[in-house]
Every structure is written in C-alpha cells, then in structure tokens.
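Participant: Before I ask anything, here is the structure I am working with.
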Amino acid sequence: NGIDKSDVSGLVSDAGDFNNDGIDDLVIGAPTIVTTGSGPGQVYVIYGQTGASTLSGTLELSTVGQVGGVAGVTFNGIDDGDRLGPVSNAGDVNGDGVDDLLLGAWERANFFPPPNGVFRAGEAYLVYGQSGSSTLSGTIALADLGTTVAGAVFQGIAETDHAGRSVAGAGDVNGDGYADFLIAASEAEPNEIDGAGQAYLLFGQGDGSALSGIYDLAQVGLTIAGMTLDGVSPSGRTGVVSGAGDVNGDTFEDFLVAAPSYPNGSQHGQIYLIYGGSGLTGMLGAVDLSGTGSLLPGAIFNGSGGLAGWALSGGVDFNNDSIDDFVIGAKFANPDGTLKAGETYLIYGASGAEALTGVLDLVDVGLSIPGVVLHGIKKDDMSGSAVSLVGDFNDDGFGDLLIGAIEGGPGEFGEAYVVYGNSAIPEPGTLALVGLGLVGLARKVRKRKAT
C-alpha cells in the first residue's frame, strides 16, 4: 500500500540482488509523495525473503526499512517537486559482485533558485548495492549519495531537460565485464532541436575508476565513458530506454531507445534497437539516432500512431529459440478501429543474416518481421501502457510477457495480462487479449493478411 493520497506509488522494477543475499529484490517508486512541501518523491527497495519470512498479505510501504517493518531501505528525494520515482535494476556497474540500482528525479531543481543552477534539468542516481554489515536499511537521503552513501549523481544539462524521466540497466553492452546503464532526458534539445530528447549510455567501471560523486551529463562521451544519443525530430521526446538482452545472438547485450512522439509531436513513435559490441567503446561522444542501422549497428522501427515506444522491455526468450526477444507498447493505438484500445508488439530476435537491421515498420510485425501483435480489448483500455518480459512465470521453460492496460477491465480500474511464452505462437499474426486464459492461446492467434 502507498502511504498517502496522490503518492502515485507504483513505478516498479526488479532490483536484482541489491543486498547480495542470494534472493532477488523489488523496487517501487512514488514520485509525488509528500515527505516535505509539495512532494520530492520516495523510492522503496524491498528485500526478497524465503521460508517463514516470505512476503505475503498486504504490506505498508511506510514500514520499509523500519524496525519491525518490511526488510529493505527507503530513499527520500531531495527537494520539493523533484519527482523521484523512475526505477531500474542497473546490474553490477562497478564490478564488486553486487547488483546496483538506478533512480530518476526528472523534475529535480523544480523551484527557483534551483539547487544545481538549472531549472527542472532533472537528475539520475546510481546507488551501489551493499551486503553483510553494510547492507542499506532505514531511510536514506539521496543528498548523501556519492559521499556517505556509495554511488553517483548525474545532473541534467539544460533547463527543463527532464533527465531521469526514464532509467534502465543495459547489461554489458561493450563486453568489458561491467554492466552499463541508460538515462533519458525527454525534453532535451540536442542540436537546438526543440523537444527532440536525448539518451545517455554510460559504461560501467571498476578497479579504482568506479563512478562516484556528482557528474554533468554533458560530459558523457567526453570525460565520462559512454555515448550521447541525440533525438532527431522536434517534439519527438526521445525519452524511453530499456535493456533488450542479446537480440542478435552475438553474445553482446543490446538496448532500446524510443521517441514516442516522433515525428514533430505526431505520436507515431520511433524506436531504435542498438546492438552492443566492443566497437561501441570507440564511438565516444554524441551520435545522431537517425544513424541507427548504419553508423550505429541495429534497426529503426517506425510506428504508425498510438505513441509507439511509450513502454519498452526485453532480455527474455519468449519463443525458446535461444535468442532474446523484445516488446514495444503503443498505448494510444487503435486496433481494428477501436479507439485507444492499445497495442503491444512482441518482436522475436534473430541472428546472422536474419538479424533485424535497417529501417522497419511496426505494421509489418507478424508479416515480414517475425513476431506477434497483441491487441487491447475495448475503447480507451490503453493496453501497452506498461510492458515487461518477466522471465519464466509458470516454470515451463519459456519466458513470459506481462502487459498493463491502465484503464482496462470492468469499471476502467485497470487490467493486466500474463501471456505465457510458447513455441506454438511464433506463427506470425495478431493476438486479441480478450478471453486470455479462457481458451488455448494458439486458438486466439489469427494470421495477419498482407495489404
């Protein structure tokens, strides 16, 4: 349970094994919780438990990290209006054998005079996991990060950039043994393009070079090892990021960046699949995302409307072909003319000559692009508003898919769907979410016709 009215608790992610006890953990963000003033936001890491201590029933987030409460740690945002809330497992960024955590506060510096000198530039936080007697617990102020709390702060560049609007672990993209990570600034203006947005890939480091202290995101690709990925369209809002797993079977982790309002605020959406490789280490500095598929190895996916790219996920093998797959949510899509029912595109990874590359269209998923399109059920469901490839939920050896419809179900209270992975599904086509779980999944697949 969230703590108070309008907390908006519910931005969620796995936290990896943040306390290194061999059990995975959970992180929840509440971006508008009022700890002081108008709401700096709060994040809760809940430590996994087994045996008699297994979590069950209804729990109160107000007790996380407190004596006699839920085992874990609470992080407080710094100032009013920061909107601390986006969360992600970062993987082991500093190579100490413990998973780390990413947090975003996209409206950090919300009031004049702004704490870092730039109004609403936003911030992101890398918090290093700890184990044993150093395990983090209680309530921690993010103002202490990089000093008394191990980690690093990354500050947005310009006014209203909204850095930290989305954060994600990318896996080991460049193959150096350290996990890399992504930060998005949805309102950044690269090359003076209003609202084009920007994403930052930061390479993990250890052995005395671990990231620590306060950094300016303008230095990514310069003094900070990594790459800056520039959006290309006015009001495209390049601002959604996700790890993708190994989509092309080359052993390097890949990642996704999306501009859901591309082009020119039209909300068609454009998504960039960028393949990892040792060559990325040498591509420091700023790179235009329009070069994906040429300068940057990978593929561009053009949406046809509906805010394609609003939600992204990857890193799980849904069809059990030993190559990771990925998923794209378009919450405002109109499948079969059903206004804002939403769509989710499940795209299968492929290797060698079949690897996805060049400029592709999402309307071809289930046709020339191997995969399945999953349609929302009724008007205004907004299916695809949240998506996650969740591992093997039913223990059948296949990765599974979770889809959220923020206004789905009776009464528009929201609905979620678990779609079990299956090697029988890969006949390309579309899948209607209506009746999911009532009949055999394969019976609800209908093959798409070319037009």
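Chain labels run A, B, ... following the order of the structure tokens; each chain numbers its residues from 1, and ligands are numbered from 1 in the order shown.
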Under the rule of at most 7 Å, produce a per-residue listing of stretch 7-115 of chain A near stretch 204-227 of chain A: chain, number, name, the closest pair of atoms, and the distance in Å, as CSV, using only C-alpha atoms.
Facilitator:
```
residue,atom,partner,partner_atom,distance
A:Val93,CA,A:Gly204,CA,4.6
A:Asn94,CA,A:Gly206,CA,4.6
A:Gly95,CA,A:Gly206,CA,5.6
```
Participant: Take the residues that were just selected and, keeping N, CA, C and O atoms, output them as a PDB file, in the first residue's frame.
Facilitator:
```pdb
ATOM      1  N   VAL A  93      27.406  -2.537 -11.896  1.00  0.00           N
ATOM      2  CA  VAL A  93      28.076  -1.482 -12.654  1.00  0.00           C
ATOM      3  C   VAL A  93      29.541  -1.336 -12.252  1.00  0.00           C
ATOM      4  O   VAL A  93      30.394  -1.016 -13.085  1.00  0.00           O
ATOM      5  N   ASN A  94      29.856  -1.552 -10.981  1.00  0.00           N
ATOM      6  CA  ASN A  94      31.221  -1.323 -10.500  1.00  0.00           C
ATOM      7  C   ASN A  94      32.020  -2.599 -10.284  1.00  0.00           C
ATOM      8  O   ASN A  94      33.143  -2.550  -9.759  1.00  0.00           O
ATOM      9  N   GLY A  95      31.455  -3.746 -10.658  1.00  0.00           N
ATOM     10  CA  GLY A  95      32.209  -4.985 -10.652  1.00  0.00           C
ATOM     11  C   GLY A  95      32.549  -5.539  -9.285  1.00  0.00           C
ATOM     12  O   GLY A  95      33.528  -6.289  -9.152  1.00  0.00           O
TER      13      GLY A  95
END
```
Participant: Quick one: everything within 8 Å of stretch 381-391 of chain A, counting only C-alpha atoms, minus sequence neighbours fewer than 6 positions away in the same chain. Send it as an MDAnalysis selection string.
Facilitator: chainID A and resid 310:318 326:333 340:344 375 398:409 412 414
Participant: Go ahead and save the picked residues with C-alpha atoms, as a CSV table (one decimal), in the first residue's frame.
Facilitator:
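What follows is the written file out-v4.csv:
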```csv
chain,number,residue,atom,x,y,z
A,310,TRP,CA,5.7,4.6,-24.7
A,311,ALA,CA,6.8,1.3,-23.0
A,312,LEU,CA,9.7,-1.0,-23.8
A,313,SER,CA,11.1,-4.2,-22.4
A,314,GLY,CA,13.5,-7.0,-23.4
A,315,GLY,CA,16.0,-9.5,-22.3
A,316,VAL,CA,13.8,-12.7,-22.2
A,317,ASP,CA,13.4,-15.5,-24.7
A,318,PHE,CA,9.7,-15.8,-25.2
A,326,PHE,CA,11.7,-7.5,-27.0
A,327,VAL,CA,8.4,-5.8,-26.7
A,328,ILE,CA,7.1,-2.3,-27.6
A,329,GLY,CA,3.9,-0.8,-26.2
A,330,ALA,CA,1.7,1.7,-28.0
A,331,LYS,CA,-1.0,2.7,-25.5
A,332,PHE,CA,-3.0,5.0,-27.8
A,333,ALA,CA,-3.1,2.6,-30.8
A,340,LYS,CA,-7.1,3.8,-27.8
A,341,ALA,CA,-7.5,0.1,-27.0
A,342,GLY,CA,-3.7,0.0,-27.3
A,343,GLU,CA,-1.3,-2.5,-28.9
A,344,THR,CA,1.8,-4.4,-27.9
A,375,HIS,CA,-4.5,-6.0,-29.4
A,398,PHE,CA,9.7,-20.2,-21.8
A,399,GLY,CA,9.9,-16.5,-21.0
A,400,ASP,CA,6.6,-14.8,-20.4
A,401,LEU,CA,5.1,-11.4,-21.1
A,402,LEU,CA,3.2,-9.0,-18.8
A,403,ILE,CA,1.0,-6.3,-20.3
A,404,GLY,CA,-0.7,-3.5,-18.5
A,405,ALA,CA,-3.9,-1.7,-19.6
A,406,ILE,CA,-4.2,1.3,-17.4
A,407,GLU,CA,-7.9,1.8,-17.9
A,408,GLY,CA,-8.8,-1.8,-18.9
A,409,GLY,CA,-11.3,-4.1,-17.2
A,412,GLU,CA,-11.8,1.1,-16.1
A,414,GLY,CA,-7.1,-1.2,-14.9
```
Participant: Just to confirm, what's the straight-line distance from atom CA of A:Gly269 to atom CA of A:Gly429 in Å (one decimal)?
Facilitator: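 Between atom CA of A:Gly269 and atom CA of A:Gly429 the gap is 21.3 Å.
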Participant: Residues at most 7 Å from A:Asn248, counting only C-alpha atoms, excluding those fewer than 3 positions away in the same chain, as a list in words?
Facilitator: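 After dropping sequence-adjacent residues, the list is Ile323, Gly349, Ala350, Ser351 and Ala355 of chain A.
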Participant: Quick one: pick out all strand (DSSP E or B) residues within stretch 107-192 of chain A from a backbone DSSP run and write them as JSON, numbers by chain.
Facilitator: {"A": [122, 123, 124, 125, 126, 127, 138, 139, 140, 141, 145, 149, 151, 152, 153, 154, 155, 163, 164, 165, 166, 167, 168, 169, 170, 171, 180, 181, 182, 183, 184, 185]}
Participant: Compile the contact shell of A:Val287 as a VMD selection string: residues with an atom at most 9 Å away, counting only C-alpha atoms, same-chain residues fewer than 3 positions apart removed.
Facilitator: chain A and resid 227 to 230 283 to 284 290 to 291 295 to 296
Participant: Could the residues in this selection be written to a file with all heavy atoms, as an mmCIF file, in the first residue's frame?
Facilitator:
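Written out: out-v1.cif:
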```cif
data_model
loop_
_atom_site.group_PDB
_atom_site.id
_atom_site.type_symbol
_atom_site.label_atom_id
_atom_site.label_comp_id
_atom_site.auth_asym_id
_atom_site.auth_seq_id
_atom_site.Cartn_x
_atom_site.Cartn_y
_atom_site.Cartn_z
ATOM 1 N N MET A 227 28.252 7.174 -24.370
ATOM 2 C CA MET A 227 27.780 7.796 -25.605
ATOM 3 C C MET A 227 26.540 8.629 -25.315
ATOM 4 O O MET A 227 25.706 8.252 -24.487
ATOM 5 C CB MET A 227 27.389 6.731 -26.642
ATOM 6 C CG MET A 227 28.482 5.797 -27.083
ATOM 7 S SD MET A 227 27.791 4.451 -28.090
ATOM 8 C CE MET A 227 27.045 5.375 -29.425
ATOM 9 N N THR A 228 26.423 9.756 -26.016
ATOM 10 C CA THR A 228 25.196 10.542 -26.007
ATOM 11 C C THR A 228 24.447 10.266 -27.305
ATOM 12 O O THR A 228 25.021 10.340 -28.391
ATOM 13 C CB THR A 228 25.510 12.037 -25.884
ATOM 14 O OG1 THR A 228 26.152 12.279 -24.628
ATOM 15 C CG2 THR A 228 24.241 12.866 -25.947
ATOM 16 N N LEU A 229 23.164 9.942 -27.183
ATOM 17 C CA LEU A 229 22.331 9.571 -28.330
ATOM 18 C C LEU A 229 21.292 10.657 -28.540
ATOM 19 O O LEU A 229 20.390 10.850 -27.723
ATOM 20 C CB LEU A 229 21.675 8.214 -28.065
ATOM 21 C CG LEU A 229 22.681 7.085 -27.803
ATOM 22 C CD1 LEU A 229 22.016 5.933 -27.054
ATOM 23 C CD2 LEU A 229 23.282 6.595 -29.103
ATOM 24 N N ASP A 230 21.423 11.387 -29.642
ATOM 25 C CA ASP A 230 20.605 12.567 -29.894
ATOM 26 C C ASP A 230 19.322 12.230 -30.635
ATOM 27 O O ASP A 230 19.344 11.557 -31.671
ATOM 28 C CB ASP A 230 21.388 13.574 -30.736
ATOM 29 C CG ASP A 230 22.536 14.227 -29.972
ATOM 30 O OD1 ASP A 230 22.519 14.168 -28.736
ATOM 31 O OD2 ASP A 230 23.431 14.796 -30.629
ATOM 32 N N MET A 283 33.176 4.610 -29.943
ATOM 33 C CA MET A 283 32.251 5.594 -30.519
ATOM 34 C C MET A 283 31.837 6.597 -29.452
ATOM 35 O O MET A 283 30.654 6.825 -29.212
ATOM 36 C CB MET A 283 31.036 4.892 -31.113
ATOM 37 C CG MET A 283 31.365 3.960 -32.269
ATOM 38 S SD MET A 283 29.908 3.155 -32.970
ATOM 39 C CE MET A 283 29.034 4.562 -33.648
ATOM 40 N N LEU A 284 32.813 7.186 -28.802
ATOM 41 C CA LEU A 284 32.523 8.130 -27.733
ATOM 42 C C LEU A 284 32.023 9.449 -28.322
ATOM 43 O O LEU A 284 32.270 9.787 -29.469
ATOM 44 C CB LEU A 284 33.775 8.358 -26.894
ATOM 45 C CG LEU A 284 34.367 7.098 -26.232
ATOM 46 C CD1 LEU A 284 35.634 7.451 -25.471
ATOM 47 C CD2 LEU A 284 33.357 6.441 -25.316
ATOM 48 N N SER A 290 19.373 8.858 -35.870
ATOM 49 C CA SER A 290 18.986 8.530 -37.244
ATOM 50 C C SER A 290 20.026 7.652 -37.925
ATOM 51 O O SER A 290 19.748 7.037 -38.959
ATOM 52 C CB SER A 290 18.779 9.803 -38.068
ATOM 53 O OG SER A 290 19.990 10.533 -38.188
ATOM 54 N N GLY A 291 21.220 7.555 -37.325
ATOM 55 C CA GLY A 291 22.260 6.687 -37.862
ATOM 56 C C GLY A 291 22.159 5.244 -37.416
ATOM 57 O O GLY A 291 23.014 4.419 -37.783
ATOM 58 N N LEU A 295 25.551 3.910 -39.106
ATOM 59 C CA LEU A 295 26.657 4.257 -38.214
ATOM 60 C C LEU A 295 26.601 3.449 -36.925
ATOM 61 O O LEU A 295 27.613 2.932 -36.444
ATOM 62 C CB LEU A 295 26.627 5.753 -37.901
ATOM 63 C CG LEU A 295 27.694 6.264 -36.930
ATOM 64 C CD1 LEU A 295 29.086 6.067 -37.500
ATOM 65 C CD2 LEU A 295 27.447 7.744 -36.617
ATOM 66 N N LEU A 296 25.412 3.336 -36.365
ATOM 67 C CA LEU A 296 25.178 2.506 -35.184
ATOM 68 C C LEU A 296 24.584 1.178 -35.636
ATOM 69 O O LEU A 296 23.565 1.170 -36.339
ATOM 70 C CB LEU A 296 24.190 3.186 -34.233
ATOM 71 C CG LEU A 296 24.680 4.322 -33.346
ATOM 72 C CD1 LEU A 296 23.505 4.964 -32.631
ATOM 73 C CD2 LEU A 296 25.695 3.814 -32.331
#
```
Participant: Give one line per residue of stretch 12-107 of chain A that approaches stretch 122-136 of chain A to at most 8 Å, naming the two atoms of the closest pair and their distance in Å to one decimal, counting only C-alpha atoms; sort by chain then ascending residue number and deliver it as a Markdown table.
Facilitator:
```
| residue | atom | partner | partner_atom | distance |
| --- | --- | --- | --- | --- |
| A:Phe18 | CA | A:Gly129 | CA | 4.8 |
| A:Asn19 | CA | A:Ser131 | CA | 4.8 |
| A:Asn20 | CA | A:Ser131 | CA | 5.4 |
| A:Asp21 | CA | A:Ser131 | CA | 7.3 |
| A:Gly72 | CA | A:Leu136 | CA | 7.4 |
| A:Val73 | CA | A:Leu136 | CA | 6.1 |
| A:Asp82 | CA | A:Gly122 | CA | 7.6 |
| A:Ala90 | CA | A:Leu126 | CA | 8.0 |
| A:Asn94 | CA | A:Tyr128 | CA | 7.9 |
| A:Val98 | CA | A:Gly129 | CA | 5.6 |
| A:Asp99 | CA | A:Gly129 | CA | 5.6 |
| A:Asp100 | CA | A:Tyr128 | CA | 4.6 |
| A:Leu101 | CA | A:Val127 | CA | 5.1 |
| A:Leu102 | CA | A:Leu126 | CA | 4.8 |
| A:Leu103 | CA | A:Tyr125 | CA | 5.0 |
| A:Gly104 | CA | A:Ala124 | CA | 4.4 |
| A:Ala105 | CA | A:Glu123 | CA | 5.3 |
| A:Trp106 | CA | A:Gly122 | CA | 4.2 |
| A:Glu107 | CA | A:Gly122 | CA | 4.9 |
```
Participant: Can those selected residues be exported to a file as a PDB file, in the first residue's frame so that it contains N, CA and C atoms?
Facilitator:
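So the final result, stored in again-v8.pdb, reads:
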```pdb
ATOM      1  N   PHE A  18      20.134  -6.702  -4.620  1.00  0.00           N
ATOM      2  CA  PHE A  18      20.730  -5.448  -4.169  1.00  0.00           C
ATOM      3  C   PHE A  18      21.492  -5.586  -2.853  1.00  0.00           C
ATOM      4  N   ASN A  19      21.106  -6.588  -2.045  1.00  0.00           N
ATOM      5  CA  ASN A  19      21.818  -6.800  -0.773  1.00  0.00           C
ATOM      6  C   ASN A  19      22.657  -8.078  -0.777  1.00  0.00           C
ATOM      7  N   ASN A  20      22.778  -8.712  -1.946  1.00  0.00           N
ATOM      8  CA  ASN A  20      23.702  -9.832  -2.150  1.00  0.00           C
ATOM      9  C   ASN A  20      23.470 -10.999  -1.180  1.00  0.00           C
ATOM     10  N   ASP A  21      22.183 -11.304  -0.930  1.00  0.00           N
ATOM     11  CA  ASP A  21      21.875 -12.434  -0.046  1.00  0.00           C
ATOM     12  C   ASP A  21      21.406 -13.653  -0.821  1.00  0.00           C
ATOM     13  N   GLY A  72      14.161  -3.796   4.080  1.00  0.00           N
ATOM     14  CA  GLY A  72      14.524  -3.052   2.882  1.00  0.00           C
ATOM     15  C   GLY A  72      15.103  -1.697   3.242  1.00  0.00           C
ATOM     16  N   VAL A  73      14.992  -0.767   2.310  1.00  0.00           N
ATOM     17  CA  VAL A  73      15.510   0.584   2.514  1.00  0.00           C
ATOM     18  C   VAL A  73      14.636   1.572   1.749  1.00  0.00           C
ATOM     19  N   ASP A  82      10.796  17.301  -6.926  1.00  0.00           N
ATOM     20  CA  ASP A  82      11.826  16.581  -7.682  1.00  0.00           C
ATOM     21  C   ASP A  82      11.246  15.443  -8.514  1.00  0.00           C
ATOM     22  N   ALA A  90      20.234  -1.869 -12.211  1.00  0.00           N
ATOM     23  CA  ALA A  90      21.337  -1.436 -13.066  1.00  0.00           C
ATOM     24  C   ALA A  90      22.295  -2.560 -13.392  1.00  0.00           C
ATOM     25  N   ASN A  94      29.856  -1.552 -10.981  1.00  0.00           N
ATOM     26  CA  ASN A  94      31.221  -1.323 -10.500  1.00  0.00           C
ATOM     27  C   ASN A  94      32.020  -2.599 -10.284  1.00  0.00           C
ATOM     28  N   VAL A  98      27.891  -7.227  -6.612  1.00  0.00           N
ATOM     29  CA  VAL A  98      26.586  -6.895  -6.045  1.00  0.00           C
ATOM     30  C   VAL A  98      25.832  -6.023  -7.045  1.00  0.00           C
ATOM     31  N   ASP A  99      24.547  -6.320  -7.266  1.00  0.00           N
ATOM     32  CA  ASP A  99      23.747  -5.528  -8.200  1.00  0.00           C
ATOM     33  C   ASP A  99      23.509  -4.121  -7.661  1.00  0.00           C
ATOM     34  N   ASP A 100      23.437  -3.174  -8.576  1.00  0.00           N
ATOM     35  CA  ASP A 100      23.251  -1.767  -8.245  1.00  0.00           C
ATOM     36  C   ASP A 100      21.890  -1.288  -8.734  1.00  0.00           C
ATOM     37  N   LEU A 101      21.563  -0.041  -8.408  1.00  0.00           N
ATOM     38  CA  LEU A 101      20.211   0.471  -8.612  1.00  0.00           C
ATOM     39  C   LEU A 101      20.258   1.834  -9.289  1.00  0.00           C
ATOM     40  N   LEU A 102      19.305   2.084 -10.201  1.00  0.00           N
ATOM     41  CA  LEU A 102      19.151   3.382 -10.852  1.00  0.00           C
ATOM     42  C   LEU A 102      17.836   4.028 -10.436  1.00  0.00           C
ATOM     43  N   LEU A 103      17.890   5.322 -10.134  1.00  0.00           N
ATOM     44  CA  LEU A 103      16.714   6.098  -9.784  1.00  0.00           C
ATOM     45  C   LEU A 103      16.713   7.376 -10.614  1.00  0.00           C
ATOM     46  N   GLY A 104      15.521   7.894 -10.909  1.00  0.00           N
ATOM     47  CA  GLY A 104      15.412   9.150 -11.639  1.00  0.00           C
ATOM     48  C   GLY A 104      14.530  10.145 -10.908  1.00  0.00           C
ATOM     49  N   ALA A 105      14.885  11.418 -11.014  1.00  0.00           N
ATOM     50  CA  ALA A 105      14.071  12.510 -10.468  1.00  0.00           C
ATOM     51  C   ALA A 105      13.986  13.562 -11.570  1.00  0.00           C
ATOM     52  N   TRP A 106      13.008  13.412 -12.463  1.00  0.00           N
ATOM     53  CA  TRP A 106      13.021  14.136 -13.730  1.00  0.00           C
ATOM     54  C   TRP A 106      12.708  15.627 -13.593  1.00  0.00           C
ATOM     55  N   GLU A 107      12.160  16.062 -12.456  1.00  0.00           N
ATOM     56  CA  GLU A 107      11.941  17.484 -12.267  1.00  0.00           C
ATOM     57  C   GLU A 107      12.815  18.044 -11.147  1.00  0.00           C
TER      58      GLU A 107
END
```
Participant: Residues near A:Thr50, anyone? I mean within 10 Å using only C-alpha atoms, not counting same-chain ones fewer than 4 positions away, as a list in words.
Facilitator: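 Using only C-alpha atoms, the neighbours found are Ile23, Thr54 and Leu55 of chain A.
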Participant: Could you save those same residues with all heavy atoms as a tab-separated table (two decimals), in the first residue's frame?
Facilitator:
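Output contents, as saved in result-v8.tsv:
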```
chain	number	residue	atom	x	y	z
A	23	ILE	N	18.88	-13.71	-2.97
A	23	ILE	CA	17.45	-13.61	-3.26
A	23	ILE	C	17.19	-12.28	-3.96
A	23	ILE	O	17.67	-11.23	-3.52
A	23	ILE	CB	16.60	-13.70	-1.98
A	23	ILE	CG1	16.98	-14.95	-1.17
A	23	ILE	CG2	15.11	-13.72	-2.31
A	23	ILE	CD1	16.38	-14.97	0.21
A	54	THR	N	8.77	-15.30	3.98
A	54	THR	CA	8.29	-14.94	2.64
A	54	THR	C	7.20	-13.89	2.72
A	54	THR	O	6.26	-14.01	3.51
A	54	THR	CB	7.76	-16.19	1.92
A	54	THR	OG1	8.83	-17.11	1.75
A	54	THR	CG2	7.20	-15.83	0.56
A	55	LEU	N	7.32	-12.85	1.89
A	55	LEU	CA	6.34	-11.77	1.91
A	55	LEU	C	4.98	-12.25	1.42
A	55	LEU	O	4.88	-12.93	0.41
A	55	LEU	CB	6.83	-10.62	1.03
A	55	LEU	CG	8.14	-9.96	1.46
A	55	LEU	CD1	8.64	-9.01	0.38
A	55	LEU	CD2	7.97	-9.22	2.78
```
Participant: Nearest to A:Ile140: which of A:Thr338, A:Asn422, A:Gln42, A:Ser88 is it, counting only C-alpha atoms?
Facilitator: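 Smallest distance to A:Ile140 is found for A:Gln42.
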Participant: Report, in Å with one decimal, the straight-line distance from atom CA of A:Leu142 to atom CA of A:Arg83.
Facilitator: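 Atom-to-atom, atom CA of A:Leu142 to atom CA of A:Arg83, that is 12.7 Å.
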Participant: I'd like the neighbourhood of A:Tyr44 as a ChimeraX atom specification, where a residue qualifies if any of its atoms comes within 8 Å (using only C-alpha atoms), though same-chain residues fewer than 4 positions away should be ignored.
Facilitator: /A:27-29,61,64,72-75
Participant: Let's have the selection written as a short mmCIF file (atom, residue, chain, number, x, y, z; two decimals), in the first residue's frame, with N, CA and C atoms.
Facilitator:
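File out_18.cif, as written:
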```
data_model
loop_
_atom_site.label_atom_id
_atom_site.label_comp_id
_atom_site.auth_asym_id
_atom_site.auth_seq_id
_atom_site.Cartn_x
_atom_site.Cartn_y
_atom_site.Cartn_z
N VAL A 27 11.92 -3.01 -6.31
CA VAL A 27 11.98 -1.57 -6.06
C VAL A 27 10.70 -0.91 -6.57
N ILE A 28 10.17 0.05 -5.79
CA ILE A 28 8.92 0.75 -6.09
C ILE A 28 9.15 2.24 -5.93
N GLY A 29 8.71 3.03 -6.91
CA GLY A 29 8.83 4.47 -6.84
C GLY A 29 7.48 5.13 -6.62
N LEU A 61 4.05 0.44 2.63
CA LEU A 61 5.34 0.98 2.21
C LEU A 61 5.94 1.92 3.26
N VAL A 64 8.86 0.20 5.17
CA VAL A 64 10.03 -0.36 4.52
C VAL A 64 11.31 0.20 5.12
N GLY A 72 14.16 -3.80 4.08
CA GLY A 72 14.52 -3.05 2.88
C GLY A 72 15.10 -1.70 3.24
N VAL A 73 14.99 -0.77 2.31
CA VAL A 73 15.51 0.58 2.51
C VAL A 73 14.64 1.57 1.75
N THR A 74 14.44 2.76 2.32
CA THR A 74 13.67 3.84 1.71
C THR A 74 14.62 4.98 1.34
N PHE A 75 14.48 5.48 0.11
CA PHE A 75 15.27 6.63 -0.35
C PHE A 75 14.35 7.83 -0.48
#
```
Participant: Identify which of the residues A:Asp4, A:Asp324, A:Glu187, A:Glu192 lies closest to A:Asp246, counting only C-alpha atoms when measuring atom-to-atom distances.
Facilitator: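 Looking at the shortest contact to A:Asp246, the residue is A:Asp324.
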Participant: What lies within 12 Å of A:Gly303 using only C-alpha atoms, ignoring chain neighbours under 2 positions off, as a VMD selection string?
Facilitator: chain A and resid 258 to 263 266 to 272 300 to 301 305 to 310 328 to 333 343 to 345 359 to 365
Participant: Calculated over only C-alpha atoms, which of the candidates A:Ser53, A:Thr357, A:Thr238, A:Ser9 has the smallest distance to A:Ile274?
Facilitator: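 Among A:Ser53, A:Thr357, A:Thr238, A:Ser9, it is A:Thr357 that comes nearest to A:Ile274.
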